[in-house]
Every structure is written in structure tokens, then in C-alpha cells.
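Okay, structure first, notes after.
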Amino acid sequence: MRSVTDHVVKIQAIHKVFRVGFWGRRVTAVDQLSLDVRRGEVFGFLGPNGAGKTTTIKMLMGLIYPTSGSASIFGHPAGDPAAKAKLGFLPESPYFYDYLTSREFLSFYGHLFGLWGAALNKRVDELLELVGMTHARDLQLRKFSKGMLQRVGIAQALINDPELVVLDEPMSGLDPIGRKEVRDLIFRLKESGKTVMFSSHILHDAELLCDRVAMIMKGRLVACGQVSELVQQGTTQEVEMVIDRLSPEGLEQLRVLATKMVLNGERVMVVLSNQRQVDESLEVIRAAHAKLISLTPHKASLEDLFIREAKGAQSPVEARV
Ligand SMILES: Nc1ncnc2c1ncn2[C@@H]1O[C@H](COP(=O)(O)OP(=O)(O)OP(=O)(O)O)[C@@H](O)[C@H]1O
């Protein structure tokens, strides 16, 4: 059984209303959101643009106050110095001092955490090595690519050897190679025993990386749990079949069975939505002496869940939490 201390982050019914414009119109950015992040896991905080991810993370970091509800880190209230001491944070749009080299930049943040002299130099060198930036240690940050900056930003978040690392959109704006590098880095953090929470709207990255995810839309939690469990919920096990040289009778029989059919010369592609349809279609193909080219089960993905939830499911879905 899990103990309370397994919860590194606990967010309880957190709510944030912003007042905007001259008339102080109320905008609910986060709506009664509750979730927890457990020790040692990689937790993905997912949602489309404007869903409320950054607002939630800012409340967790103690940078803004919730309208109601609460958040804690290692049992300390969000923003408490005791929580911050064990925490590393990469904001969504970090500010980098252009004319500092990556060593100087990391040394600056090390000083803020009270590191000096040989211990600081050792820590900076270790982090540059970890993020693969040793070769650029004496290069000014203005000469860095976006991917290099992101890696130095993550190094900055690790300067105090935190137990929890919170990264706001760490893969955003990176090319596929840059994204893979950041993914590998997150894997390495997990391997070294750290808990990682990161926000993203790139579902593929979350699927590859996360032990658990939470998905929010319009500030509300719509799904939370292990990726494998969430993608199974309510998804039909569709199968796509491609067949060659099917007789006109066979074609008519498949038309009745299939949920979708596309003809291309002698070739036909059908989508079947359950096992019974698959079995009956295979019998039709055999009886017609047609040639089955491929049979591909449609693998459910987080994207399917995302689209389904976006289409209107507003009630919270809770998988194993
Ligand atoms: N300081 C603010 N004042 C007024 N409204 C705000 C403020 N910050 C955020 N919002 C609004 O709150 C909502 C959630 O924004 P937030 O930045 O948290 O979303 P997000 O999920 O991080 O999106 P993105 O992926 O685009 O960064 C949006 O409607 C946004 O316009």
C-alpha cells in the first residue's frame, strides 16, 4: 500500500480566476483541479493551448496564488522555501542572459543556491556533461540553438540536485532530434531517481515517456492515469484490412460488414470495428479466393483520447490513480 509520503505533489481542488480587461471580466483558467504526482515517476501534464497547464504550474511553484484550493510539494505548501529547496523548475519561456557562457549562466544559478568555489565548478561541469553541453561550456548563450538552450535550461533546473523537476513545455519548439535529446534527458533523470513532472501538448512525447498522465481541458481534469489504461477506455479495437482481387459478390458482403471501405482499382481497404466483423470478413475473403494483403490493428493512442475528450466529454475520467 502507498503511504502519504509517496505523493511528491498534491493538488487539491485548485481554482484560478483571472480578472481581465477594463471591466474585470472573470476568466477561469483552472477549475477545481485535483491530482497527485508520485515519487520516482515521470508525470505528463497534458492539454491543448490555453488549457491551464502553465497557470497550474505557476501556482505549484508559488509564483501566483490560487483563488481557492491548495497545492503542496513534499508536504510543504506551494511556495514554501522548504518545498523550493527540493525543487527544480524550467519555465515555459525562460530568460537566458545572452552574453553569459553556459558555465557562467549555471554558476550564477549555483550561487543563488549557495554553491561556491570547487563544489560549484564540479556541479556545473557535471551538469554540462549530463546535458551534453560540455563542448559549448565557453560559448555565449546568444550563439546557442533552441535545443541547446533548452538543455542548458534543464541543467539550470538541476543545479540544486532537486528531488522533483518541473518542466513547463520542455519539448516545445524543438525539432525531432532536439525532442529526442530532451526525452533521453528526462529518462536519465528518472533513472537517477528523480521525480519529473512536465507539461506538453505533444502527445507522442508523453506516450513515450510517462508513467502516468493527467489531461486537462478548459482548466478541468478530463483524464488521469497510466497511458495504457487511459487509451483503452472506450476505444474501439478497429482493424484495417487491405485485400486484392475480391469478387463483386465478396465486395458487396464486405460493404455490409465494414464501417469504412475505400476502393482503388483491384485493391480494397476496409475498416472493421470488432472481432466478429474481422472473422466474417476473413471468411468472405477465403470463400472468394481473394488475397489478403495486410491486417493492421488500429493502436489506440493518447491522441484518440485527446480528440474524444475535446469533442465534448466534460466529466472527469479517473483511471487508476
Ligand atoms: N495573467 C493572466 N491574466 C489573464 N488571463 C490569463 C493569465 N494567464 C493565463 N490566462 C488565461 O488562462 C487560460 C489558461 O492559460 P495557460 O497559459 O495556463 O494555458 P496553457 O495550458 O499553459 O497553454 P499553452 O500551452 O498555450 O501555454 C487562458 O485562457 C489564458 O488566456
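Identifiers for the C-alpha cells are assigned positionally: chains receive A, B, ... in sequence, residues are indexed from 1 per chain, and ligands are indexed from 1 in the order shown.
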| request: Could you please extract the residues within 10 Å of ligand 1, counting only C-alpha atoms and all ligand atoms, and hand them back as JSON, numbers by chain? | output: {"A": [16, 17, 18, 19, 20, 21, 24, 25, 26, 27, 28, 29, 30, 45, 46, 47, 48, 49, 50, 51, 52, 53, 54, 55, 56, 57, 58, 59, 64, 92, 93, 168, 169, 172, 199, 200, 201, 202, 216, 217, 218, 219]}
Selection from above, C-alpha atoms, as an mmCIF file, in the first residue's frame, can you write it?
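For reference, selection08.cif as written:
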```cif
data_model
loop_
_atom_site.group_PDB
_atom_site.id
_atom_site.type_symbol
_atom_site.label_atom_id
_atom_site.label_comp_id
_atom_site.auth_asym_id
_atom_site.auth_seq_id
_atom_site.Cartn_x
_atom_site.Cartn_y
_atom_site.Cartn_z
ATOM 1 C CA LYS A 16 -7.802 30.176 -10.519
ATOM 2 C CA VAL A 17 -9.868 33.051 -11.807
ATOM 3 C CA PHE A 18 -8.158 35.932 -13.584
ATOM 4 C CA ARG A 19 -9.755 39.359 -13.937
ATOM 5 C CA VAL A 20 -9.174 40.722 -17.413
ATOM 6 C CA GLY A 21 -9.875 43.975 -19.214
ATOM 7 C CA GLY A 24 -12.596 42.951 -14.795
ATOM 8 C CA ARG A 25 -14.208 40.109 -16.760
ATOM 9 C CA ARG A 26 -13.650 36.804 -14.952
ATOM 10 C CA VAL A 27 -11.646 34.137 -16.807
ATOM 11 C CA THR A 28 -11.473 30.727 -15.132
ATOM 12 C CA ALA A 29 -8.042 29.369 -16.074
ATOM 13 C CA VAL A 30 -8.061 26.369 -13.708
ATOM 14 C CA PHE A 45 0.576 17.195 -17.630
ATOM 15 C CA LEU A 46 -1.236 17.424 -20.939
ATOM 16 C CA GLY A 47 -3.710 19.716 -22.591
ATOM 17 C CA PRO A 48 -4.226 21.928 -25.626
ATOM 18 C CA ASN A 49 -3.082 25.554 -25.778
ATOM 19 C CA GLY A 50 -4.823 27.638 -23.157
ATOM 20 C CA ALA A 51 -5.972 24.603 -21.124
ATOM 21 C CA GLY A 52 -4.460 25.963 -17.903
ATOM 22 C CA LYS A 53 -1.203 23.994 -17.654
ATOM 23 C CA THR A 54 1.126 26.951 -17.101
ATOM 24 C CA THR A 55 -1.283 28.577 -14.645
ATOM 25 C CA THR A 56 -1.390 25.346 -12.615
ATOM 26 C CA ILE A 57 2.401 25.033 -12.668
ATOM 27 C CA LYS A 58 2.813 28.671 -11.599
ATOM 28 C CA MET A 59 0.513 28.015 -8.629
ATOM 29 C CA ILE A 64 0.866 33.066 -8.326
ATOM 30 C CA GLU A 92 7.828 27.779 -20.412
ATOM 31 C CA SER A 93 9.737 30.789 -21.788
ATOM 32 C CA ASP A 168 6.897 23.566 -18.499
ATOM 33 C CA GLU A 169 6.706 22.558 -22.183
ATOM 34 C CA SER A 172 8.015 22.831 -27.379
ATOM 35 C CA SER A 199 3.661 19.806 -19.312
ATOM 36 C CA SER A 200 3.165 19.246 -23.003
ATOM 37 C CA HIS A 201 0.691 19.392 -25.823
ATOM 38 C CA ILE A 202 2.831 16.931 -27.806
ATOM 39 C CA ILE A 216 -6.859 18.954 -18.753
ATOM 40 C CA MET A 217 -9.168 20.935 -20.983
ATOM 41 C CA LYS A 218 -10.568 24.376 -20.212
ATOM 42 C CA GLY A 219 -8.954 24.143 -16.786
#
```
| query | Which parts of range 58-135 of chain A does DSSP call strand (DSSP E or B) when run on the backbone here, written out as a ChimeraX atom specification? | reply | /A:68-73,76-77,87-90,101
| request: Within 12 Å of Val256 in chain A, counting only C-alpha atoms, which residues show up once you throw out same-chain ones fewer than 6 positions away? Write them as JSON, numbers by chain, please. | output: {"A": [249, 250, 270, 271, 272, 277, 280, 281, 284]}
| field | Interatomic distance (Å, one decimal) between CA of Leu208 in chain A and CA of Leu87 in chain A | value |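 It comes out at 23.9 Å.
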| request: Please indicate the distance in Å from CA of Leu115 in chain A to CA of Lys10 in chain A, rounded to one decimal place. | output: 29.5 Å
| query | Contacts of Lys84 in chain A at 12 Å or less, counting only C-alpha atoms, minus same-chain residues fewer than 5 places along, as an NGL selection string? | reply | :A and (60-63 or 72-79 or 89 or 113 or 157 or 160-166)
| request: Using only C-alpha atoms, pick whichever of A:Leu251, A:Glu309, A:Asn121, A:Pro170 has the shortest atom-to-atom distance to Arg220 in chain A. | output: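 Once distances to Arg220 in chain A are computed over only C-alpha atoms, the minimum belongs to A:Glu309.
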| message | Write out as a PyMOL selection string the set of residues from range 225-276 of chain A that DSSP, computed on the backbone, places in helix (DSSP H, G or I). | response | chain A and resi 227-232+248-257+275-276
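Comparing the minimum interatomic distances between Glu41 in chain A and each of A:Ser107, A:Gln140, A:Thr195, A:Gln253, counting only C-alpha atoms, we find that A:Thr195 sits nearest.
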| message | So that I can see what lies close to Gly69 in chain A, please list as a count of residues only the residues with an atom at most 8 Å from it, counting only C-alpha atoms and leaving out residues fewer than 4 positions away in the same chain. | response | 6
| field | Non-local contacts of Ser102 in chain A (9 Å; only C-alpha atoms; under 4 positions in same chain excluded) as a ChimeraX atom specification | value | /A:106-107,128,133,136-141,149,152
Same residues, N, CA and C atoms, saved as a PDB file, in the first residue's frame:
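Final output, again_4.pdb:
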```pdb
ATOM      1  N   LEU A 106      25.203  28.848 -15.515  1.00  0.00           N
ATOM      2  CA  LEU A 106      24.923  27.841 -14.480  1.00  0.00           C
ATOM      3  C   LEU A 106      25.566  28.227 -13.146  1.00  0.00           C
ATOM      4  N   SER A 107      26.740  28.874 -13.220  1.00  0.00           N
ATOM      5  CA  SER A 107      27.402  29.307 -11.973  1.00  0.00           C
ATOM      6  C   SER A 107      26.544  30.346 -11.260  1.00  0.00           C
ATOM      7  N   LEU A 128      26.820  20.100 -17.202  1.00  0.00           N
ATOM      8  CA  LEU A 128      27.087  20.303 -18.633  1.00  0.00           C
ATOM      9  C   LEU A 128      27.317  18.956 -19.310  1.00  0.00           C
ATOM     10  N   MET A 133      26.528  19.269 -23.048  1.00  0.00           N
ATOM     11  CA  MET A 133      26.886  20.619 -23.475  1.00  0.00           C
ATOM     12  C   MET A 133      28.319  20.994 -23.100  1.00  0.00           C
ATOM     13  N   ALA A 136      30.202  23.131 -25.388  1.00  0.00           N
ATOM     14  CA  ALA A 136      29.793  24.530 -25.561  1.00  0.00           C
ATOM     15  C   ALA A 136      29.883  25.301 -24.243  1.00  0.00           C
ATOM     16  N   ARG A 137      30.719  24.816 -23.333  1.00  0.00           N
ATOM     17  CA  ARG A 137      30.754  25.424 -21.984  1.00  0.00           C
ATOM     18  C   ARG A 137      31.196  26.879 -22.020  1.00  0.00           C
ATOM     19  N   ASP A 138      32.074  27.251 -22.981  1.00  0.00           N
ATOM     20  CA  ASP A 138      32.576  28.628 -23.008  1.00  0.00           C
ATOM     21  C   ASP A 138      31.964  29.455 -24.136  1.00  0.00           C
ATOM     22  N   LEU A 139      30.858  28.957 -24.662  1.00  0.00           N
ATOM     23  CA  LEU A 139      30.176  29.675 -25.744  1.00  0.00           C
ATOM     24  C   LEU A 139      29.059  30.538 -25.142  1.00  0.00           C
ATOM     25  N   GLN A 140      28.934  31.774 -25.657  1.00  0.00           N
ATOM     26  CA  GLN A 140      27.862  32.646 -25.143  1.00  0.00           C
ATOM     27  C   GLN A 140      26.496  32.104 -25.561  1.00  0.00           C
ATOM     28  N   LEU A 141      25.521  32.279 -24.685  1.00  0.00           N
ATOM     29  CA  LEU A 141      24.199  31.676 -24.924  1.00  0.00           C
ATOM     30  C   LEU A 141      23.512  32.240 -26.173  1.00  0.00           C
ATOM     31  N   LEU A 149      19.773  25.640 -25.920  1.00  0.00           N
ATOM     32  CA  LEU A 149      19.273  26.482 -24.822  1.00  0.00           C
ATOM     33  C   LEU A 149      18.384  25.687 -23.881  1.00  0.00           C
ATOM     34  N   VAL A 152      20.462  23.568 -21.634  1.00  0.00           N
ATOM     35  CA  VAL A 152      21.103  24.358 -20.568  1.00  0.00           C
ATOM     36  C   VAL A 152      20.045  24.798 -19.549  1.00  0.00           C
TER      37      VAL A 152
END
```
| field | Point-to-point distance from CA of Val9 in chain A to CA of Val37 in chain A, Å rounded to tenths | value |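 So the answer is 4.9 Å.
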| Pick from A:Val268, A:Met261, A:Glu240, A:Leu246 nearest to Pro297 in chain A, counting only C-alpha atoms |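 Using only C-alpha atoms, the shortest distance to Pro297 in chain A belongs to A:Glu240.
Among the candidates A:His111, A:Ala83, A:Asp98, A:His204, the residue lying nearest to Ala71 in chain A is A:Ala83 (atoms considered: only C-alpha atoms).
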| request: May I ask which of the residues A:Val42, A:Thr259, A:Ser294, A:Arg245 is the closest one to Gln226 in chain A, counting only C-alpha atoms? | output: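 Counting only C-alpha atoms, the residue closest to Gln226 in chain A is A:Val42.
In terms of minimum interatomic distance to Val196 in chain A, A:Gly40 ranks closest within A:Pro91, A:Gly110, A:Pro176, A:Gly40, counting only C-alpha atoms.
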